[in-house]
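So this one's target10.cif, mmCIF, C-alpha atoms and all ligand atoms:
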```cif
data_start
loop_
_atom_site.label_atom_id
_atom_site.label_comp_id
_atom_site.auth_asym_id
_atom_site.auth_seq_id
_atom_site.Cartn_x
_atom_site.Cartn_y
_atom_site.Cartn_z
CA MET A 1 0.00 0.00 0.00
CA SER A 2 1.32 3.46 -0.80
CA LYS A 3 -0.81 5.85 1.16
CA ILE A 4 1.25 8.83 2.29
CA THR A 5 0.69 10.43 5.68
CA LEU A 6 2.24 13.79 6.55
CA ASP A 7 1.84 14.65 10.18
CA GLY A 8 2.78 18.12 11.46
CA LEU A 9 5.48 18.40 8.80
CA GLU A 10 7.76 21.42 9.11
CA LYS A 11 10.89 22.70 7.41
CA ARG A 12 12.89 25.67 8.54
CA TYR A 13 15.83 27.23 6.68
CA GLY A 14 17.38 29.68 9.14
CA ASP A 15 14.67 32.25 9.76
CA THR A 16 12.50 31.02 6.88
CA LEU A 17 9.68 28.68 7.79
CA ALA A 18 9.35 27.07 4.35
CA VAL A 19 6.74 24.50 5.42
CA GLU A 20 4.58 24.90 8.50
CA GLU A 21 2.58 22.14 10.17
CA VAL A 22 1.42 20.33 7.06
CA SER A 23 -0.82 17.39 7.93
CA VAL A 24 -2.60 15.39 5.26
CA THR A 25 -3.26 11.82 4.19
CA ILE A 26 -2.77 11.16 0.47
CA GLU A 27 -4.72 8.04 -0.39
CA ASP A 28 -3.27 5.02 -2.15
CA GLY A 29 -3.62 5.58 -5.91
CA GLU A 30 -4.63 9.21 -5.55
CA LEU A 31 -3.31 12.04 -7.73
CA LEU A 32 -2.82 15.01 -5.42
CA CYS A 33 -1.72 18.36 -6.82
CA LEU A 34 0.01 20.77 -4.50
CA LEU A 35 -0.91 24.16 -5.93
CA GLY A 36 0.28 27.57 -4.82
CA PRO A 37 2.33 30.58 -5.81
CA SER A 38 6.10 30.51 -6.01
CA GLY A 39 7.73 30.22 -2.59
CA SER A 40 4.67 28.75 -0.85
CA GLY A 41 6.49 25.55 0.18
CA LYS A 42 5.27 23.06 -2.45
CA SER A 43 8.67 21.80 -3.61
CA THR A 44 10.03 21.60 -0.09
CA THR A 45 7.06 19.44 0.91
CA LEU A 46 7.62 17.18 -2.10
CA ARG A 47 11.35 16.95 -1.47
CA MET A 48 10.71 15.91 2.12
CA ILE A 49 8.43 13.09 0.87
CA ALA A 50 11.23 12.05 -1.52
CA GLY A 51 13.81 12.11 1.26
CA LEU A 52 15.82 14.87 -0.44
CA GLU A 53 15.22 17.24 2.50
CA THR A 54 15.07 16.38 6.18
CA PRO A 55 12.07 17.76 8.06
CA THR A 56 12.74 20.06 10.99
CA ASP A 57 9.68 18.59 12.67
CA GLY A 58 6.85 16.16 12.01
CA GLU A 59 6.53 12.72 10.52
CA ILE A 60 6.20 11.12 7.08
CA ARG A 61 4.71 7.66 6.63
CA ILE A 62 4.50 5.77 3.34
CA GLY A 63 2.03 2.95 3.77
CA GLU A 64 2.32 2.07 7.45
CA GLU A 65 6.07 2.71 7.59
CA ASP A 66 7.62 5.74 9.21
CA VAL A 67 10.19 6.92 6.64
CA THR A 68 10.97 10.30 8.23
CA ASP A 69 14.59 9.41 8.95
CA ARG A 70 15.20 7.19 5.94
CA PRO A 71 17.42 8.36 3.11
CA ALA A 72 15.91 8.80 -0.34
CA TYR A 73 17.32 5.54 -1.69
CA GLU A 74 15.54 3.57 1.02
CA ARG A 75 12.12 4.92 0.04
CA ASN A 76 10.24 3.47 -2.91
CA THR A 77 9.58 6.90 -4.39
CA SER A 78 10.65 8.29 -7.73
CA THR A 79 10.83 11.96 -8.71
CA VAL A 80 10.34 13.72 -12.05
CA PHE A 81 12.03 17.12 -12.03
CA GLN A 82 11.27 20.28 -13.95
CA ASP A 83 14.68 20.27 -15.64
CA TRP A 84 14.41 16.53 -16.53
CA ALA A 85 17.83 15.75 -15.03
CA LEU A 86 18.73 13.26 -17.76
CA PHE A 87 22.30 12.01 -17.97
CA PRO A 88 23.84 13.50 -21.14
CA HIS A 89 26.56 10.85 -21.47
CA MET A 90 24.05 7.98 -21.61
CA SER A 91 21.63 6.94 -24.33
CA VAL A 92 17.90 7.38 -23.81
CA LEU A 93 17.57 3.64 -23.07
CA GLU A 94 20.43 3.72 -20.54
CA ASN A 95 18.84 6.70 -18.84
CA VAL A 96 15.59 4.81 -18.38
CA ALA A 97 17.40 1.65 -17.26
CA PHE A 98 19.64 3.51 -14.80
CA GLY A 99 17.36 3.31 -11.75
CA LEU A 100 16.91 -0.41 -12.31
CA LYS A 101 20.67 -0.88 -12.43
CA MET A 102 20.94 0.88 -9.08
CA ARG A 103 18.37 -1.59 -7.75
CA GLY A 104 20.39 -4.58 -8.92
CA VAL A 105 18.15 -5.68 -11.78
CA SER A 106 19.95 -7.84 -14.38
CA LYS A 107 21.06 -6.21 -17.62
CA SER A 108 18.68 -8.07 -19.92
CA GLU A 109 15.72 -7.49 -17.65
CA ARG A 110 16.40 -3.79 -17.24
CA ARG A 111 16.82 -3.27 -20.97
CA GLU A 112 13.54 -5.03 -21.59
CA ARG A 113 11.73 -3.02 -18.95
CA ALA A 114 13.27 0.25 -20.15
CA ARG A 115 12.15 -0.52 -23.70
CA THR A 116 8.61 -1.25 -22.53
CA MET A 117 8.47 2.04 -20.63
CA LEU A 118 9.84 3.98 -23.60
CA GLU A 119 7.19 2.42 -25.83
CA ARG A 120 4.55 3.42 -23.29
CA VAL A 121 5.54 7.08 -23.53
CA GLU A 122 5.88 6.80 -27.33
CA MET A 123 9.64 7.22 -27.29
CA GLY A 124 10.67 3.69 -28.35
CA GLU A 125 12.27 4.85 -31.59
CA TYR A 126 14.63 7.17 -29.68
CA ALA A 127 16.10 4.46 -27.44
CA ASP A 128 19.63 4.70 -28.87
CA GLN A 129 19.78 8.46 -29.19
CA ASN A 130 21.54 10.87 -26.92
CA PRO A 131 19.03 12.83 -24.78
CA THR A 132 20.68 16.15 -25.60
CA ASN A 133 19.24 15.87 -29.12
CA LEU A 134 15.63 15.65 -27.89
CA SER A 135 13.03 18.40 -27.62
CA GLY A 136 11.74 19.51 -24.21
CA GLY A 137 8.58 17.43 -24.51
CA GLN A 138 10.57 14.34 -25.53
CA LYS A 139 13.00 14.80 -22.63
CA GLN A 140 10.07 14.99 -20.25
CA ARG A 141 8.66 11.72 -21.63
CA VAL A 142 12.02 10.03 -21.12
CA ALA A 143 12.23 11.41 -17.57
CA LEU A 144 8.75 10.06 -16.90
CA ALA A 145 9.66 6.63 -18.32
CA ARG A 146 12.79 6.57 -16.16
CA SER A 147 10.81 7.37 -13.02
CA LEU A 148 8.10 4.81 -13.74
CA ALA A 149 10.55 2.07 -14.74
CA VAL A 150 11.55 1.38 -11.14
CA ASN A 151 7.92 0.68 -10.31
CA PRO A 152 7.76 3.14 -7.43
CA ASP A 153 5.01 3.12 -4.80
CA VAL A 154 4.86 6.88 -5.12
CA LEU A 155 5.64 9.13 -8.09
CA LEU A 156 6.58 12.69 -7.19
CA LEU A 157 6.40 15.33 -9.92
CA ASP A 158 8.03 18.70 -9.29
CA GLU A 159 6.65 21.22 -11.84
CA PRO A 160 7.38 18.70 -14.62
CA LEU A 161 5.52 20.63 -17.32
CA SER A 162 6.57 24.18 -16.58
CA ASN A 163 9.40 24.21 -19.15
CA LEU A 164 7.03 23.19 -21.94
CA ASP A 165 5.01 25.55 -24.11
CA LYS A 166 1.29 25.86 -23.37
CA ARG A 167 0.04 23.49 -26.05
CA LEU A 168 2.56 20.77 -25.25
CA SER A 169 1.94 21.18 -21.54
CA GLU A 170 -1.81 20.71 -22.09
CA ASP A 171 -1.22 17.53 -24.12
CA MET A 172 1.09 16.19 -21.43
CA GLN A 173 -1.48 16.93 -18.72
CA ILE A 174 -3.97 14.62 -20.45
CA GLU A 175 -1.27 12.00 -20.95
CA LEU A 176 -0.15 12.17 -17.32
CA ARG A 177 -3.74 11.62 -16.25
CA GLU A 178 -3.94 8.53 -18.47
CA ILE A 179 -0.62 7.22 -17.17
CA HIS A 180 -1.82 7.75 -13.62
CA GLU A 181 -4.98 5.74 -14.34
CA GLU A 182 -2.99 2.98 -16.02
CA PHE A 183 -0.31 2.61 -13.34
CA ASP A 184 -2.67 3.09 -10.42
CA GLU A 185 0.07 4.52 -8.19
CA THR A 186 0.05 7.43 -5.80
CA PHE A 187 1.13 10.63 -7.56
CA VAL A 188 1.98 13.92 -5.87
CA HIS A 189 2.29 16.67 -8.45
CA VAL A 190 3.55 20.18 -7.70
CA THR A 191 2.43 23.10 -9.84
CA HIS A 192 1.77 26.83 -9.68
CA ASP A 193 -0.62 26.55 -12.64
CA GLN A 194 -4.31 26.43 -11.70
CA ASP A 195 -5.46 24.98 -15.03
CA GLU A 196 -2.91 22.19 -14.76
CA ALA A 197 -4.08 21.34 -11.25
CA PHE A 198 -7.74 21.39 -12.28
CA THR A 199 -7.05 19.11 -15.25
CA LEU A 200 -4.96 16.59 -13.37
CA ALA A 201 -5.96 16.35 -9.78
CA ASP A 202 -8.22 14.02 -7.86
CA ARG A 203 -7.69 16.49 -5.05
CA ILE A 204 -5.94 19.85 -4.92
CA GLY A 205 -3.99 20.97 -1.86
CA ILE A 206 -3.56 24.73 -1.88
CA MET A 207 -0.43 26.12 -0.25
CA ASP A 208 0.19 29.65 0.93
CA GLU A 209 3.22 30.79 2.94
CA GLY A 210 4.23 27.26 3.90
CA ARG A 211 0.77 26.18 5.02
CA LEU A 212 -1.67 23.79 3.41
CA VAL A 213 -4.66 26.14 3.52
CA GLN A 214 -7.32 24.00 1.83
CA ILE A 215 -7.60 20.55 0.36
CA GLY A 216 -10.46 19.13 -1.64
CA ASP A 217 -11.56 17.99 -5.06
CA PRO A 218 -11.21 20.66 -7.76
CA HIS A 219 -14.91 21.48 -7.85
CA GLU A 220 -15.08 21.82 -4.08
CA VAL A 221 -12.14 24.20 -3.73
CA TYR A 222 -13.41 26.34 -6.60
CA GLU A 223 -16.99 26.47 -5.33
CA ASN A 224 -16.08 26.78 -1.69
CA PRO A 225 -12.81 28.67 -1.30
CA LYS A 226 -11.94 28.97 2.35
CA ASN A 227 -10.46 32.42 2.17
CA LEU A 228 -9.80 35.49 0.05
CA PHE A 229 -6.32 34.32 -0.99
CA ILE A 230 -7.70 31.10 -2.50
CA GLU A 231 -10.53 32.92 -4.28
CA GLY A 232 -8.03 35.33 -5.84
CA PHE A 233 -5.52 32.63 -6.71
CA LEU A 234 -7.91 30.14 -8.32
CA GLY A 235 -9.31 32.38 -10.96
CA ASP A 236 -10.10 35.80 -12.25
CA THR A 237 -12.78 37.55 -10.27
CA ASN A 238 -14.05 41.03 -9.43
CA PHE A 239 -13.22 41.92 -5.85
CA VAL A 240 -15.41 44.72 -4.55
CA THR A 241 -14.89 46.23 -1.10
CA GLY A 242 -17.70 47.53 1.04
CA GLU A 243 -19.23 47.98 4.44
CA VAL A 244 -22.34 46.37 5.87
CA THR A 245 -25.04 49.00 6.35
CA LYS A 246 -28.05 46.93 7.30
CA THR A 247 -29.02 43.35 8.04
CA THR A 248 -32.44 41.74 8.09
CA THR A 249 -33.47 38.13 8.54
CA GLU A 250 -33.45 37.73 4.75
CA THR A 251 -30.79 40.08 3.44
CA VAL A 252 -27.49 41.77 4.18
CA HIS A 253 -26.97 45.19 2.57
CA ILE A 254 -23.44 46.27 1.73
CA ALA A 255 -22.51 49.78 0.56
CA THR A 256 -19.73 49.23 -1.96
CA GLU A 257 -17.07 51.05 -3.93
CA LEU A 258 -19.36 50.54 -6.95
CA ASP A 259 -21.38 53.42 -5.48
CA ARG A 260 -24.17 50.91 -5.12
CA THR A 261 -25.61 48.86 -2.29
CA VAL A 262 -25.18 45.17 -2.98
CA VAL A 263 -27.76 42.87 -1.40
CA VAL A 264 -26.94 39.28 -0.54
CA PRO A 265 -29.13 36.68 1.15
CA THR A 266 -28.66 36.03 4.87
CA THR A 267 -27.66 32.40 4.51
CA GLY A 268 -24.93 30.36 6.15
CA ASP A 269 -23.16 32.38 8.82
CA ARG A 270 -23.86 35.67 7.08
CA SER A 271 -26.26 36.34 9.94
CA SER A 272 -23.08 36.95 11.97
CA LEU A 273 -22.41 40.10 9.93
CA SER A 274 -23.46 43.37 11.46
CA ALA A 275 -23.61 47.00 10.40
CA GLY A 276 -20.16 48.55 10.16
CA ASP A 277 -18.32 45.30 9.25
CA SER A 278 -15.88 45.65 6.37
CA VAL A 279 -16.20 42.97 3.71
CA THR A 280 -14.77 42.11 0.32
CA LEU A 281 -17.21 40.64 -2.18
CA SER A 282 -16.22 38.41 -5.07
CA LEU A 283 -18.36 38.85 -8.18
CA ARG A 284 -17.25 36.06 -10.48
CA PRO A 285 -17.44 36.84 -14.17
CA GLU A 286 -19.51 33.73 -14.90
CA ALA A 287 -22.20 34.97 -12.47
CA LEU A 288 -22.60 38.32 -14.22
CA SER A 289 -24.90 39.08 -17.11
CA ILE A 290 -24.59 42.12 -19.32
CA ASP A 291 -27.28 44.10 -21.18
CA SER A 292 -27.35 47.37 -23.01
CA VAL A 293 -28.99 50.44 -21.46
CA ASN A 294 -30.22 53.51 -23.26
CA GLY A 295 -27.85 56.31 -22.39
CA ALA A 296 -25.71 56.98 -19.35
CA SER A 297 -28.53 58.87 -17.67
CA ASP A 298 -29.44 55.62 -15.96
CA ASP A 299 -27.75 56.71 -12.77
CA PRO A 300 -27.41 53.72 -10.44
CA GLN A 301 -28.39 55.92 -7.52
CA LYS A 302 -31.71 56.62 -9.21
CA GLN A 303 -32.64 53.00 -9.66
CA PRO A 304 -35.55 51.87 -7.49
CA ALA A 305 -34.47 50.71 -4.07
CA MET A 306 -34.16 46.98 -3.68
CA ALA A 307 -37.12 45.48 -1.86
CA ASP A 308 -36.21 43.43 1.20
CA GLY A 309 -35.90 39.80 0.18
CA SER A 310 -34.85 40.47 -3.43
CA THR A 311 -31.20 39.86 -4.07
CA THR A 312 -31.08 40.77 -7.73
CA ASN A 313 -28.37 43.40 -8.06
CA SER A 314 -27.26 45.59 -10.92
CA VAL A 315 -24.90 48.42 -11.76
CA VAL A 316 -24.52 50.48 -14.88
CA GLY A 317 -21.19 51.26 -16.47
CA THR A 318 -19.41 52.03 -19.70
CA ILE A 319 -17.36 49.54 -21.67
CA GLU A 320 -13.73 50.67 -21.74
CA ASN A 321 -12.05 47.79 -23.51
CA VAL A 322 -12.96 44.67 -25.44
CA ILE A 323 -10.24 42.06 -25.21
CA TYR A 324 -10.32 38.87 -27.26
CA ARG A 325 -8.81 35.98 -25.31
CA GLY A 326 -9.14 32.98 -27.63
CA SER A 327 -12.51 31.38 -27.00
CA THR A 328 -13.76 34.15 -24.71
CA VAL A 329 -14.07 37.90 -24.94
CA ARG A 330 -13.51 40.08 -21.89
CA TYR A 331 -15.24 43.39 -21.41
CA SER A 332 -13.56 45.82 -19.06
CA VAL A 333 -16.26 48.12 -17.71
CA ALA A 334 -15.90 51.46 -15.89
CA VAL A 335 -18.31 51.48 -12.95
CA SER A 336 -18.32 54.49 -10.67
CA ASP A 337 -14.64 55.14 -9.76
CA THR A 338 -13.59 51.57 -10.30
CA SER A 339 -13.72 48.95 -13.02
CA MET A 340 -15.11 45.46 -13.39
CA PHE A 341 -14.79 42.79 -16.01
CA VAL A 342 -17.32 40.45 -17.57
CA GLU A 343 -16.56 37.52 -19.83
CA ARG A 344 -18.61 36.07 -22.67
CA THR A 345 -17.88 33.33 -25.15
CA VAL A 346 -16.69 34.62 -28.50
CA ALA A 347 -19.94 33.32 -30.03
CA ASP A 348 -21.81 35.91 -27.89
CA SER A 349 -19.38 38.70 -28.66
CA GLY A 350 -19.89 41.54 -31.06
CA ALA A 351 -22.94 42.78 -29.19
CA PHE A 352 -20.97 45.47 -27.37
CA GLU A 353 -18.08 47.77 -28.13
CA ALA A 354 -15.97 50.29 -26.29
CA GLY A 355 -18.04 53.32 -25.25
CA ASP A 356 -21.32 51.39 -24.91
CA ASP A 357 -23.34 51.97 -21.77
CA ILE A 358 -24.35 48.68 -20.25
CA ARG A 359 -25.92 47.20 -17.16
CA ILE A 360 -24.33 44.34 -15.24
CA THR A 361 -26.76 42.16 -13.28
CA TRP A 362 -26.18 39.30 -10.85
CA ASP A 363 -27.91 37.35 -8.16
CA GLY A 364 -26.72 38.13 -4.62
CA GLY A 365 -26.84 34.39 -3.94
CA ASP A 366 -23.83 33.97 -6.25
CA VAL A 367 -21.70 36.51 -4.40
CA LEU A 368 -18.93 35.26 -2.12
CA ALA A 369 -18.11 37.45 0.88
CA PHE A 370 -14.91 37.64 2.89
CA ARG A 371 -14.16 39.36 6.18
CA GLU A 372 -11.38 41.84 6.76
CA ASP A 373 -9.03 39.05 7.93
CA GLY A 374 -9.62 37.20 4.62
CA SER A 375 -11.78 34.43 6.06
CA ARG A 376 -14.87 33.47 4.12
CA VAL A 377 -18.36 34.39 5.29
CA GLY A 378 -20.51 31.30 4.59
CA ARG A 379 -22.89 31.31 1.68
P1 LIG B 1 7.58 26.57 -4.00
O1 LIG B 1 7.91 25.19 -4.41
O2 LIG B 1 6.15 26.72 -3.57
O3 LIG B 1 7.97 27.61 -5.00
P2 LIG B 1 9.72 26.22 -2.09
O4 LIG B 1 9.32 25.00 -1.32
O5 LIG B 1 10.72 26.05 -3.16
O6 LIG B 1 8.41 26.91 -2.67
O7 LIG B 1 10.25 27.34 -1.08
C1 LIG B 1 9.56 27.72 0.09
C2 LIG B 1 10.39 28.74 0.83
O8 LIG B 1 11.58 28.12 1.32
C3 LIG B 1 10.85 29.91 -0.01
O9 LIG B 1 10.84 31.06 0.81
C4 LIG B 1 12.25 29.54 -0.40
O10 LIG B 1 13.03 30.69 -0.63
C5 LIG B 1 12.73 28.78 0.83
N1 LIG B 1 13.75 27.76 0.50
C6 LIG B 1 13.54 26.67 -0.28
N2 LIG B 1 14.65 25.92 -0.37
C7 LIG B 1 15.60 26.55 0.38
C8 LIG B 1 16.96 26.29 0.70
N3 LIG B 1 17.59 25.19 0.24
N4 LIG B 1 17.60 27.17 1.49
C9 LIG B 1 16.98 28.27 1.97
N5 LIG B 1 15.70 28.57 1.72
C10 LIG B 1 15.01 27.74 0.94
#
```
For this file, produce the structure as structure tokens.
Amino acid sequence: MSKITLDGLEKRYGDTLAVEEVSVTIEDGELLCLLGPSGSGKSTTLRMIAGLETPTDGEIRIGEEDVTDRPAYERNTSTVFQDWALFPHMSVLENVAFGLKMRGVSKSERRERARTMLERVEMGEYADQNPTNLSGGQKQRVALARSLAVNPDVLLLDEPLSNLDKRLSEDMQIELREIHEEFDETFVHVTHDQDEAFTLADRIGIMDEGRLVQIGDPHEVYENPKNLFIEGFLGDTNFVTGEVTKTTTETVHIATELDRTVVVPTTGDRSSLSAGDSVTLSLRPEALSIDSVNGASDDPQKQPAMADGSTTNSVVGTIENVIYRGSTVRYSVAVSDTSMFVERTVADSGAFEAGDDIRITWDGGDVLAFREDGSRVGR
């Protein structure tokens, strides 16, 4: 069994606490992505699992065995690095067979196994070449074959796709997923790329400043971000600051920088909000609809007051920019003294252009709210 248990894991470099109290169980056969910005402690966590760094505190178990004090070569883990780390003086085949040699496998057996692994990653025809002649994507396939050849309990991947261009990286993401399903081993994959994590992961562990701040399946972390940092990191959104002015049993009213009171339903622990509380609202682009209005005279302040209980909100603004982003088009909209953005598929584009006055509408039930300390106010 190759379940991995991290218990109170910590790593300190001088004054830097690179990893702080990370506790998690990674299930046997799971693909966990550690996702976070640069410097958040992802690689250090991975390297401790590999045995390439010694924890300052805490415990690592692989299966039921405590491996905390075991050197890397006594753990059945294998690591794929960002820079591939192939040996330039060996052929592709010898590179893949190398780990097996270290493990005392006979020459004929290791050549056979290395060939099988190279075929699996569609690199069989390059077996006798020197790795320096390969492209980045090909080197990464060889590195993957080399890591899988030793039949590890756990495969650790440290930003393996970040040196590849976008298209190649996306192809490799799909392939990695297939390889994971085929080999049925525990994978821990480090990345700073949200799309990569969402494509690959069974579960995503989000790291910030050395801490594992949230872990869950991709849908769960996106729908239910625990704090403002995660909401900002996982995707583009409109953050709008404001102050609670009134609460009723049904609604919370928030005066915002949009020069407009936003009304959200009093669900979850929103009833704990009271007048005077500062909040940041997240208005996700997919929750916003956009319509034209006739002339800028539609002053938001002159719109009818929202009846208690209704949480339909709207603001008017003027389109400043139309930006084509492949399959979507992004409208940047001036609203009061600030700006918001709305996204539409390209198929829906063309309806608006810069200078148009428009109205943005959303349901208060789709708004996420965060307190001043960044913690989430429940839906
Ligand atoms: P990530 O993988 O999320 O980019 P790292 O785990 O590489 O983050 O680094 C976490 C923190 O630990 C950073 O502040 C980094 O500068 C520091 N760090 C990492 N490795 C070392 C090291 N060998 N010596 C000193 N500081 C380090």
Could you list the protein, DNA and RNA residues that have any atom within 9 Å of ligand LIG 1 (chain B), counting only C-alpha atoms and all ligand atoms, and write them as a PDB file with C-alpha atoms, in the coordinates of the input?
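See part.pdb below for the written result:
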```pdb
ATOM      1  CA  LYS A  11      10.890  22.700   7.410  1.00  0.00           C
ATOM      2  CA  ARG A  12      12.890  25.670   8.540  1.00  0.00           C
ATOM      3  CA  TYR A  13      15.830  27.230   6.680  1.00  0.00           C
ATOM      4  CA  GLY A  14      17.380  29.680   9.140  1.00  0.00           C
ATOM      5  CA  ASP A  15      14.670  32.250   9.760  1.00  0.00           C
ATOM      6  CA  THR A  16      12.500  31.020   6.880  1.00  0.00           C
ATOM      7  CA  LEU A  17       9.680  28.680   7.790  1.00  0.00           C
ATOM      8  CA  ALA A  18       9.350  27.070   4.350  1.00  0.00           C
ATOM      9  CA  VAL A  19       6.740  24.500   5.420  1.00  0.00           C
ATOM     10  CA  LEU A  34       0.010  20.770  -4.500  1.00  0.00           C
ATOM     11  CA  LEU A  35      -0.910  24.160  -5.930  1.00  0.00           C
ATOM     12  CA  GLY A  36       0.280  27.570  -4.820  1.00  0.00           C
ATOM     13  CA  PRO A  37       2.330  30.580  -5.810  1.00  0.00           C
ATOM     14  CA  SER A  38       6.100  30.510  -6.010  1.00  0.00           C
ATOM     15  CA  GLY A  39       7.730  30.220  -2.590  1.00  0.00           C
ATOM     16  CA  SER A  40       4.670  28.750  -0.850  1.00  0.00           C
ATOM     17  CA  GLY A  41       6.490  25.550   0.180  1.00  0.00           C
ATOM     18  CA  LYS A  42       5.270  23.060  -2.450  1.00  0.00           C
ATOM     19  CA  SER A  43       8.670  21.800  -3.610  1.00  0.00           C
ATOM     20  CA  THR A  44      10.030  21.600  -0.090  1.00  0.00           C
ATOM     21  CA  THR A  45       7.060  19.440   0.910  1.00  0.00           C
ATOM     22  CA  LEU A  46       7.620  17.180  -2.100  1.00  0.00           C
ATOM     23  CA  ARG A  47      11.350  16.950  -1.470  1.00  0.00           C
ATOM     24  CA  GLU A  53      15.220  17.240   2.500  1.00  0.00           C
ATOM     25  CA  ASP A 158       8.030  18.700  -9.290  1.00  0.00           C
ATOM     26  CA  GLU A 159       6.650  21.220 -11.840  1.00  0.00           C
ATOM     27  CA  VAL A 190       3.550  20.180  -7.700  1.00  0.00           C
ATOM     28  CA  THR A 191       2.430  23.100  -9.840  1.00  0.00           C
ATOM     29  CA  HIS A 192       1.770  26.830  -9.680  1.00  0.00           C
ATOM     30  CA  MET A 207      -0.430  26.120  -0.250  1.00  0.00           C
ATOM     31  CA  ASP A 208       0.190  29.650   0.930  1.00  0.00           C
ATOM     32  CA  GLU A 209       3.220  30.790   2.940  1.00  0.00           C
ATOM     33  CA  GLY A 210       4.230  27.260   3.900  1.00  0.00           C
TER      34      GLY A 210
END
```
Query - Residue neighbourhood region 336-339 of chain A, 8 Å, only C-alpha atoms, exclusion window fewer than 5 positions, as JSON, numbers by chain - result: {"A": [257, 258, 259, 317]}
Could you save the residues just selected, with C-alpha atoms, as a compact mmCIF listing (two decimals), keeping the file's coordinate frame?
```
# COMPACT_ATOMS: atom_id res chain seq x y z
CA GLU A 257 -17.07 51.05 -3.93
CA LEU A 258 -19.36 50.54 -6.95
CA ASP A 259 -21.38 53.42 -5.48
CA GLY A 317 -21.19 51.26 -16.47
```
Requested in this report: Mind checking which residues fall within 7 Å of Ala149 (chain A), counting all atoms listed in the file, ignoring those fewer than 5 positions away in the same chain, and posting them as a PyMOL selection string?
Outcome: chain A and resi 96+113-114+117
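Residues in contact with region 224-233 of chain A at up to 6 Å, not including ones fewer than 5 positions away on its chain and judged by all atoms listed in the file, are Gly374, Ser375 and Arg376 of chain A.
Proximity of A:Glu196, A:Asp217, A:Glu109, A:Glu27 to Arg167 (chain A), computed with all atoms listed in the file, is greatest for A:Glu196.
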